[in-house]
Structures are given as structure tokens and as C-alpha cells.
Amino acid sequence: MAPDVERIIASISIGDQDTVQLLLDSYNTQYADCFFFDSEAQERKQQQRLDEFRKMKVRECASNSDSDEDSDEEKPDLLLRQDLAAALLSFVSGQLQPAVLRVCLHTLRILSRDCRALGPMVSDTALFTLAHLGGILTNKAKGEQTPGCRETLDADGTSDVSLSEAVRAAATTHTSTVCSSRWRGGEERMLVPGKRDTREEDSEDEEKEEDGEVCRKEAMKVLCNIIYNSPHAQQRASALRLMQGLWESLKEGIWSRVPPSGQFYKLRLLFLLTALRPELRLQLQQERGVPVLTKALEQCLVARWEDGCEGVIDNEAPPISKRRSQDIIEILKTLFNIAHRFHKQEPDEEEAGLCRHLAAVLRRCLLLSCDGEDTLEELQGHTVNILSALPLTCLDVMVAVPVEGASHKCEGVNMDCVHALLLFMDRRLNRSQKLKEKLTPVLNLLTESSRVHRETRHYLRQKILPPLREVGVRPEQDSTLRGRLVRLMTHVDTDVKDCAAELLFVLCKENVSRFVKYTGYGNAAGLLAARGLLNGRRNSGDSQFASHYSSDSDSDTEEYREAKAKINLVTGRVEAEQPDPMEGMTDEEKEEEARRLISMINRLSRDQIIQPMEVTAEGRLAPLYSKMRGFTEEEEEEEDSEEEEEEILDMKAEMRKDKQMD
């Protein structure tokens, strides 16, 4: 590889565009799908770490990357890649043929995947150059650019940053400083092997696009990779106000009469900046980001409106294309970054209007059809995230639509949107991984909606907690929605457990006896203990949400009424009859057995092996100190004397055995 890179750099230095294009085409073909340039060295490192782990049976310090400290044999290649990046950045600042510019930007995109080679790409000049090539540098920003950033051609391609990676980057910023002998000024995140972007690239469509548009895309891809991989680049992009130019470019396309096209990578960059830089989220809020992005959503959905927030849905319309779906997803991700604050405060009149209009557009997102089930689920997942962040008072828009033509109804209310959320939750329940991330938002949304909307609660209760008929199966062993939610009530993740229990509790109108009836006391004990309801004395009338619940009673089926007396309240099912363990014992023997049991429990408690608890009058658990011991002082003395006598008898037996041996 080294001779090829040196030859490329030499060709760039003399300005031989034809040779540069030929060499870079070969280079790009070789490394198009790689995230590591030294794959053999990476495999050796992985095998070495695996051997050490097997030998030591311990992992002292797990690396967050497959690229550790650069070995001596890798440093020359790394320095050559850095030199190549620097040469290309200087080269693309000049007047180039469109095909040459495109191949150069493609190479920069490949190099930007490797955070160790980012040194020359995170400078102010490099960021300005790429922003100008991407078509997001405003005239004002051009006047503020640092000396040395020259005028460039208007040029603009797939970002290698996936959604899950960007979310991890927004949540945690674990960084490591990589300072080479030539480039020292930047912090770069150690690159985690990514996955190919879900956005499909159609080479035939790209060939139909103008060269300038293709180059602008390619430059935006490079910027996305740099911003994602380098906290230093994130900080400099904020200081250089690159988002201002990006936002102006997006608004120009959104407010134009012609539907915007080719905005995906601008939207992706906007999401990354707002996810990784809190001050940019605030800036976008002040720039009226919510209404503008809501308008962009409407354009992508081709939504029509009647009577304010009532969206007209054409059921015969073709599914949304995958390309447009990806644009919608990027908008939704950015909207969540700047709209999640609404849930933490009481909105004023203007904000409430914005939220209600946004909720109406999101309702359309839940009910649309897309090319591909995975794309639809991802889109609905981001929609649910935003809905769970909006004020509850604004969510009535989801059901405040005419019932005519509705596929699902409840008490004269359109339940299509609620049914879509129910199906989404059902699909997510089948997932075994990342339940907290994927399931808790929709559980919380359905819970809060059920609290404040009576019709929503009734509809969900019909689907999740229908009248009991089969009482021979434990609730957690049932294959229905109820059974799967009950299983989550004992999940190891406390957030998942609490969210599932809370939804079922609300569907039971926070009535303890009804909650125990559908879940079993053993499964319900966690929530009841946390709320001080273990004694079952408080019902929904004592709750702060009591005013939201109607006074209708729970109707029992004939099968349930017949088996009710035989149901074990702890397990929630009819148990097989067990033989009486005290059958045939006299009252004295029963009393003696009880005393022995209390004595053993007392001993385990004194040794701190167990801690017996009782339910207080307030319905909470408390240590059973006084009642647990349950003995008089004389009884305790008798117990101690019995233990001493047993020890003495054991000692005498051992002495007799020793004498016999002598």
C-alpha cells in the first residue's frame, strides 16, 4: 500500500489530475468497504487479546475499539494516510474537474472512518473547505473564515455513521487523544466498527444527478464522519457556527414551493450536531427549529389538513419510498433532540399550539405505510420517542379525529392511532435485546395516555386485559399480550419491570384487587411494595389520578366465577390440590412443630442469613423484629439450655469414643 499512497501524494503535488483520478479510483475500490486499513494487524491483535484472556481468565481493561496503540509497523502507514488526507484537502480547494473532485472526496470519506487519521481533517480550514464543498457555507460564514481557507467550487455523498452509533455518541463521549508526530491538536474517538448506512445508494440514480450535486453529497458524508468521530471537530464546528449555514440551507429548501431533494446528509449532519453539542440544541430551539422541521415533515408526508389538526389520510396512496422514509427519520431524530424539553415543563399557549400541530403530524407518521417493515418500525420508533416527550395535554389530538372510516373504534372514538401503537408494542415485545431502549418509550406513552384518556384506556384494556376465562395457567406463562407484559414485571432491568407493571396497573384503574387478579400477587408485589399497597386497602379512589378513572366495575366471566374460590392469589391460577402436611398430627404435635419452625427462623435471622418482614398498617414492608422473635425470655433461655445440653452430650459421646479407641 505504501508505494501507491506515496505515488498518489506525488501526483497531487504536481497537479496531475488524470493520474490522481486513476490512482484514487483503484484506492477507493480496494478500501470501499473497510473500516480498518490494517486488517491483518487487527486480526493479530484480536487473537493476541483472546489468547491472553484464555490464559489469564480475566479481562483487565476492555478496549472500546479494535484499534489499540499503534504498533511500530503500523505507524508508517498511518502517517502516510494522514499525509494523503492533508494533500487531498489542499487539492480539493483548487479548481478541479468534477470527476476528479468526486473521487478525491470519496477517498476523504474512506479516510475519515479512521479516527487515527483525522488530524489534518479537524482543522478550521479543513472544516470550512468541506462545508463550502457541501454547499452549507453562508456568505456571512465565508467572511468569517480563517485565513488560508480559499474559495472553492460548489460541490457536495453514504455517511458511515449509523443511527445506533450516533445515539451512543450522544449518550457517552469516551475519547482518547491521538497525537502523531505531525498532527497534534485534535482529540479523536477510537473508531468502533460501524455498519453500512441503511440509506440505499443507487448508482444509476447518482449517474443521473449533476456532478455538482454528487460532490456536495460526498462532502457532506465526509463532514458527518468527522463530526461523529472527533469531539475536537464537534467543538470547532460549534465555534465556527457551521450549523448556522447548514440551517439556512435547509430552511431555504423547506420553504421553497418545490419539495426539497438531496437533503438527507444535511439532515444527518444537523442531527449529529444537535445530539453531540447541547448548546446547538438550544440554538436550534431559538431558531424556531420545531415549527420549521414540522413543516419539513409535512412536505415529506405530503399531508393535507382539514379543520386545523385533522389530517386527511389517503389509504389508497402508495407506500412512502425508502429514500423519503430515511429523510423523515432524520427529521424525527433531530426533532426529539430539541423537543424533549417540553415534557419537563408546562408549555405556554404558543408552545402548546406547536406541540398539538406536531402531534397531528406524528399521528400521520404512525399510520403511513413504507417500503420495508424494518424501515417502518424504525420510523414508528422515533415517532413514539417524540410523542412520549410531548405534554400529555397535547396528545388528545391523536384520538380527536372523526370516527367515520376508522378501522378501530371504541365508544365512538377513532382508535386507529392507538391500535398502531399497540401493534408497535407487540412487535417490540418480541425483541430480546435492548428492551429498555426499544420498549420503555411506548410503554410509558401508552401508560400516560391511558391515565388521561378514558377511551384509550378502555380500548387497551379490551386488547391487553380481556375478561379472564382460562385460570389454569399462570399469568406469566400465558402467550397473550397480558402474559408477555406480566413476564416483564420480574425482568432484571428495573426500568423495564416498572414500566410494564405501571401499564397493567393503570389499565386496572390502579385497583389493587383487580391488579392482583390479572397478574398474581407474586408478580404484583414489587409495584405494590413500592407504592405502599401490600395490604390491599387502598384502591383507585386514593390515587392522585382518581378523577381520571370511571366507576365502572370489573365484569367476571362465568368460568372465572366458578373457579374463583380455588385460585391461588400468589400464583394467579388454580393449583392442584396438595396433601395436608399436618394430617394425622395432634394439637400438641402441631404446636411443637410451629415452635421449632419459629426457632429456626429466629436463628437464621440472628445469623443475618434472612430478614423476616411484615406488612405495616401503611401497606409497606418493615422488618419483623419483635414478632419474629416471638419468645418470652424464659423460652429463649430454655432454647439456649437445650442447645448447651446437646453440645455436652456430643462432647461426652466423643470422649467415650476416644476411650474405646485407647
# chains A, B, ... in the order shown; residues from 1 in each chain; ligands from 1

$ residues_around --residues "Ala86 of chain A" --least-positions-apart "6" --cutoff "9 Å" --atoms "only C-alpha atoms" --output "NGL selection string"
:A and (119-121 or 126)

$ write_last_selection --atoms "C-alpha atoms" --output "short mmCIF file (atom, residue, chain, number, x, y, z; two decimals), in the first residue's frame"
data_model
loop_
_atom_site.label_atom_id
_atom_site.label_comp_id
_atom_site.auth_asym_id
_atom_site.auth_seq_id
_atom_site.Cartn_x
_atom_site.Cartn_y
_atom_site.Cartn_z
CA GLY A 119 -5.59 15.07 12.42
CA PRO A 120 -5.49 17.14 9.21
CA MET A 121 -9.30 16.98 8.81
CA ALA A 126 -10.49 21.77 6.57
#

$ closest_residue --among "A:Leu101, A:Val496, A:Ala219, A:Leu133" --to "Lys438 of chain A" --atoms "only C-alpha atoms"
A:Val496

$ atom_distance --atom1 "atom CA of Leu439 of chain A" --atom2 "atom CA of Ala389 of chain A"
14.7 Å

$ select_by_dssp --residues "segment 295-391 of chain A" --states "alpha helix (DSSP H)" --output "ChimeraX atom specification"
/A:295-301,322-339,349-367,373-389

$ residues_around --residues "Met600 of chain A" --least-positions-apart "2" --cutoff "12 Å" --atoms "only C-alpha atoms" --output "PyMOL selection string"
chain A and resi 593-598+602-607+609-610+612+628-629+639

$ residues_around --residues "segment 455-465 of chain A" --least-positions-apart "2" --cutoff "6 Å" --atoms "only C-alpha atoms" --output "NGL selection string"
:A and (450 or 453 or 481-482 or 507)
